[in-house]
Amino acid sequence: MSLRRKLLNQFAHPHGVLGHVAGWILASRTSNRMRNEWVVDLLAPGGSDHVLENGCGPGVALALCLSKAPGICAVGVDRSGVMIRQSATRNREAVRSGRLILAEGSIEALPATTAPFDKAFCINVIQFIDDKEAFITKIAQRLKPGGMLAIAYQPRHANPTRADALAMADTLERIFSASGFEAIRKEELALKPVPAICVMGCRAH
């Protein structure tokens, strides 16, 4: 396997030396940072919101969320220990103060007693999930009634197209609707080489 292919595979589950490189790319690439900023702006966390990021990577979006208001608290979950450590380093003050909790594993790793979330999101995670409906249902169960979920995706495979992004949006909109979300909407951000999409909805009361 070529070094490039090995590095690309790291984005699904960063680990080892190449996992650290993947984390640096996720935190540094301009399109990644723009996508993170866009999704956080769409979520518009504020006040005393309790926010969940599933697949938090190196913690860039978590840092953006926490910067929006001093009363915001967040939880970041990632199955990669490398990403959890990078996120902890990037957000060390928030971790130290208790505003940010990081957990290695899946959303099931969070204690059942974890307070419900006002807002939840994931960015370029959904393509790695086989059972997308079950994944979205598990997040919905952690949201308050009326809580908002945002799932963003930018195709990064070989020869991606806008049609690939829109096809994922169609899939997500169907699942959101079947899962009882309301006020479902689709947003699109012009990026290179292809746009990112974000599907959003609120858990039914």
# chains A, B, ... in the order shown; residues from 1 in each chain; ligands from 1
$ select_by_dssp --residues "stretch 43-205 of chain A" --states "strand (DSSP E or B)" --output "number ranges by chain"
A: 50-54, 73-78, 100-104, 117-123, 143-153, 181-189, 196-203
$ write_last_selection --atoms "C-alpha atoms" --output "mmCIF file, in the first residue's frame"
data_model
loop_
_atom_site.group_PDB
_atom_site.id
_atom_site.type_symbol
_atom_site.label_atom_id
_atom_site.label_comp_id
_atom_site.auth_asym_id
_atom_site.auth_seq_id
_atom_site.Cartn_x
_atom_site.Cartn_y
_atom_site.Cartn_z
ATOM 1 C CA HIS A 50 -24.596 22.075 26.128
ATOM 2 C CA VAL A 51 -22.992 20.927 22.854
ATOM 3 C CA LEU A 52 -21.895 17.504 21.580
ATOM 4 C CA GLU A 53 -19.468 16.834 18.747
ATOM 5 C CA ASN A 54 -19.329 13.225 17.605
ATOM 6 C CA CYS A 73 -20.097 23.593 27.808
ATOM 7 C CA ALA A 74 -19.205 20.832 25.370
ATOM 8 C CA VAL A 75 -18.492 17.140 25.064
ATOM 9 C CA GLY A 76 -16.269 15.748 22.329
ATOM 10 C CA VAL A 77 -16.294 12.066 21.401
ATOM 11 C CA ASP A 78 -13.842 10.349 19.059
ATOM 12 C CA LEU A 100 -15.059 20.529 27.929
ATOM 13 C CA ILE A 101 -15.220 16.784 28.493
ATOM 14 C CA LEU A 102 -13.515 14.457 26.025
ATOM 15 C CA ALA A 103 -14.297 10.757 25.665
ATOM 16 C CA GLU A 104 -12.541 8.143 23.568
ATOM 17 C CA PHE A 117 -27.618 18.335 24.737
ATOM 18 C CA ASP A 118 -29.015 21.509 23.226
ATOM 19 C CA LYS A 119 -26.994 21.027 20.055
ATOM 20 C CA ALA A 120 -25.030 18.206 18.452
ATOM 21 C CA PHE A 121 -23.012 17.930 15.282
ATOM 22 C CA CYS A 122 -20.524 15.898 13.303
ATOM 23 C CA ILE A 123 -18.331 16.936 10.393
ATOM 24 C CA LEU A 143 -30.780 15.744 22.530
ATOM 25 C CA LYS A 144 -33.267 17.785 24.478
ATOM 26 C CA PRO A 145 -36.709 18.113 22.864
ATOM 27 C CA GLY A 146 -36.196 20.857 20.309
ATOM 28 C CA GLY A 147 -32.442 20.247 20.336
ATOM 29 C CA MET A 148 -30.626 20.771 17.050
ATOM 30 C CA LEU A 149 -28.536 18.268 15.094
ATOM 31 C CA ALA A 150 -26.244 19.239 12.213
ATOM 32 C CA ILE A 151 -24.423 16.717 10.027
ATOM 33 C CA ALA A 152 -21.923 18.090 7.522
ATOM 34 C CA TYR A 153 -20.205 16.293 4.679
ATOM 35 C CA PHE A 181 -36.803 15.654 13.263
ATOM 36 C CA GLU A 182 -38.581 18.889 12.428
ATOM 37 C CA ALA A 183 -37.585 22.086 10.611
ATOM 38 C CA ILE A 184 -35.177 20.061 8.444
ATOM 39 C CA ARG A 185 -33.059 22.096 6.085
ATOM 40 C CA LYS A 186 -30.045 21.725 3.835
ATOM 41 C CA GLU A 187 -27.204 24.230 3.552
ATOM 42 C CA GLU A 188 -24.368 24.276 1.031
ATOM 43 C CA LEU A 189 -20.926 25.864 1.215
ATOM 44 C CA ALA A 196 -19.826 20.848 1.529
ATOM 45 C CA ILE A 197 -23.399 20.200 2.587
ATOM 46 C CA CYS A 198 -24.951 20.396 6.035
ATOM 47 C CA VAL A 199 -28.325 18.874 6.920
ATOM 48 C CA MET A 200 -29.926 20.244 10.063
ATOM 49 C CA GLY A 201 -33.055 19.542 12.054
ATOM 50 C CA CYS A 202 -34.585 19.827 15.510
ATOM 51 C CA ARG A 203 -35.688 16.914 17.631
#
$ select_by_dssp --residues "stretch 8-192 of chain A" --states "helix (DSSP H, G or I)" --output "PyMOL selection string"
chain A and resi 8-10+16-28+30-43+60-66+81-90+92-97+107-109+126-128+132-140+162-178
$ residues_around --residues "A:Ala163" --least-positions-apart "4" --cutoff "12 Å" --atoms "only C-alpha atoms" --output "ChimeraX atom specification"
/A:154-155,159,167-170,194-197
$ write_last_selection --atoms "C-alpha atoms" --output "compact mmCIF listing (two decimals), in the first residue's frame"
# COMPACT_ATOMS: atom_id res chain seq x y z
CA GLN A 154 -17.72 17.24 2.00
CA PRO A 155 -16.75 14.42 -0.38
CA ASN A 159 -12.84 12.41 -8.24
CA ALA A 167 -26.80 12.54 -2.80
CA MET A 168 -25.62 12.37 0.81
CA ALA A 169 -27.84 15.34 1.66
CA ASP A 170 -30.86 13.52 0.19
CA VAL A 194 -16.46 20.29 -4.30
CA PRO A 195 -18.98 21.96 -1.99
CA ALA A 196 -19.83 20.85 1.53
CA ILE A 197 -23.40 20.20 2.59
$ residues_around --residues "stretch 33-47 of chain A" --least-positions-apart "2" --cutoff "7 Å" --atoms "only C-alpha atoms" --output "PyMOL selection string"
chain A and resi 27-31+49+61+64-65+68-69+71-72
$ atom_distance --atom1 "atom CA of A:Leu191" --atom2 "atom CA of A:Pro160"
12.0 Å
$ atom_distance --atom1 "atom CA of A:Arg156" --atom2 "atom CA of A:Lys132"
18.3 Å
$ atom_distance --atom1 "atom CA of A:Leu66" --atom2 "atom CA of A:Glu173"
27.7 Å
$ closest_residue --among "A:Ala178, A:Ala134, A:Val60, A:Ile107" --to "A:Gln86" --atoms "only C-alpha atoms"
A:Val60
